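Worksheet for the structure shown next.
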Amino acid sequence: MMKFKQLAISLVLASAFAAAPALANTKIGFVNTERLLREAPLSVAAQKKLEREFATRDQELQKLAKQARDLQAQLDKDGVTMSDSERKAKERDLGNLNRDLQRQGREFREDLNLRRNEELGQIQERARKAIQEIARAEKFDLIVEQAVFVDPKSDITDRVMKALGNSK
């Protein structure tokens with residue numbers, strides 16, 4: 001039994017040493033996709049585009065929220081001096097305003113997330129193409145997007161950003 005164990009260990013070690021020269025010639029690159037999607041000029045432009053696209057709706061939501069706060073403040077301040085029917089009407093108005101605010105806020109977030117995902121999808125597709133072009137041109141064997149440790153000389157994120165900037 002002991003000889004079998006030693007033989008197995010010897011075979012494992014031999015195969016590891018045999019594979020070592022092949023790994024030594026492997027060219028590996030790393031792309032920080034989080035940084036790419038946050039800092040690439042294409043990503044920054046997409047974020048600004050979304051901000052412009054949703055600015056009007058955001059302002060409308062802020063206006064509606066201010067109306068609700070003002071109505072709440074008026075109720076807090078003058079509620080005890082108002083007639084019962086006037087206070088109930090204002091409370092009903094405030095409830096309706098808050099429901100509208102919640103509904104519109106939810107729709108706003110859903111629409112914004114949908115558009116953001118569309119933009120990110122387009123950027124990711126262009127980034128994939130740029131990564132593949134760099135990999136072919138520079139003869140990389142493997143490019144990874146997640147790693148525990150990366151030697152800075154293996155990081156090609158800046159080159160991908162530059163390629164995305166040139167591919168407008």
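Within each chain, counting starts at residue 1; across the structure tokens, chains are named A, B, ... in the order shown, with ligands numbered 1 upward in that order.
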DSSP-assigned alpha helix (DSSP H) among segment 24-141 of chain A, expressed as a VMD selection string: chain A and resid 24 33 to 39 41 to 78 84 to 137
Residue list (strand (DSSP E or B), DSSP) for chain A, as an NGL selection string: :A and (28-30 or 142-144 or 155)
Emit the selected residues as a tab-separated table (two decimals), in the first residue's frame, including N, CA and C atoms.
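The resulting again.tsv:
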```tsv
chain	number	residue	atom	x	y	z
A	28	ILE	N	-0.84	35.57	-20.24
A	28	ILE	CA	-2.13	35.80	-19.60
A	28	ILE	C	-2.30	37.30	-19.36
A	29	GLY	N	-3.49	37.78	-19.64
A	29	GLY	CA	-3.82	39.18	-19.39
A	29	GLY	C	-5.00	39.29	-18.45
A	30	PHE	N	-5.18	40.47	-17.89
A	30	PHE	CA	-6.27	40.72	-16.96
A	30	PHE	C	-6.96	42.02	-17.34
A	142	LEU	N	-4.76	33.73	-22.81
A	142	LEU	CA	-5.88	33.79	-21.89
A	142	LEU	C	-6.01	35.20	-21.34
A	143	ILE	N	-7.25	35.68	-21.27
A	143	ILE	CA	-7.52	36.97	-20.62
A	143	ILE	C	-8.63	36.71	-19.61
A	144	VAL	N	-8.39	37.09	-18.36
A	144	VAL	CA	-9.35	36.87	-17.28
A	144	VAL	C	-9.91	38.21	-16.81
A	155	ASP	N	-2.11	43.54	-16.43
A	155	ASP	CA	-3.36	44.30	-16.51
A	155	ASP	C	-3.41	45.08	-17.82
```
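Using only C-alpha atoms, the nearest neighbour of Asp151 of chain A within the list A:Arg115, A:Val31, A:Gln124, A:Asp100 is A:Val31.
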For segment 125-135 of chain A: contacts at 12 Å, only C-alpha atoms, fewer than 2 positions along chain excluded, given as number ranges by chain: A: 27-34, 36-37, 40-43, 118-123, 137-145, 154-168
Sorted by chain and rising residue number, list the residues of segment 108-145 of chain A at most 12 Å from segment 58-81 of chain A (counting only C-alpha atoms), each with its closest atom pair and distance in Å to one decimal, as CSV.
```
residue,atom,partner,partner_atom,distance
A:Phe108,CA,A:Asp58,CA,7.8
A:Arg109,CA,A:Asp58,CA,9.9
A:Asp111,CA,A:Asp58,CA,11.7
A:Leu112,CA,A:Asp58,CA,10.4
```
How about saving the chosen residues, N, CA, C and O atoms kept, as a compact mmCIF listing (two decimals), in the first residue's frame?
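See result_16.txt below for the written result:
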```
# COMPACT_ATOMS: atom_id res chain seq x y z
N PHE A 108 -39.76 55.41 -12.28
CA PHE A 108 -38.53 56.11 -12.65
C PHE A 108 -37.33 55.18 -12.48
O PHE A 108 -36.51 55.03 -13.38
N ARG A 109 -37.23 54.54 -11.31
CA ARG A 109 -36.11 53.62 -11.05
C ARG A 109 -36.10 52.45 -12.01
O ARG A 109 -35.04 52.05 -12.50
N ASP A 111 -37.41 52.32 -15.09
CA ASP A 111 -37.03 52.81 -16.42
C ASP A 111 -35.54 53.13 -16.49
O ASP A 111 -34.87 52.81 -17.47
N LEU A 112 -35.03 53.78 -15.45
CA LEU A 112 -33.61 54.12 -15.40
C LEU A 112 -32.75 52.86 -15.42
O LEU A 112 -31.76 52.78 -16.16
```
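Minimum atom-to-atom distances from A:Glu86, A:Phe54, A:Gln146, A:Lys153 to Gly105 of chain A were compared using only C-alpha atoms, and the lowest value belongs to A:Phe54.
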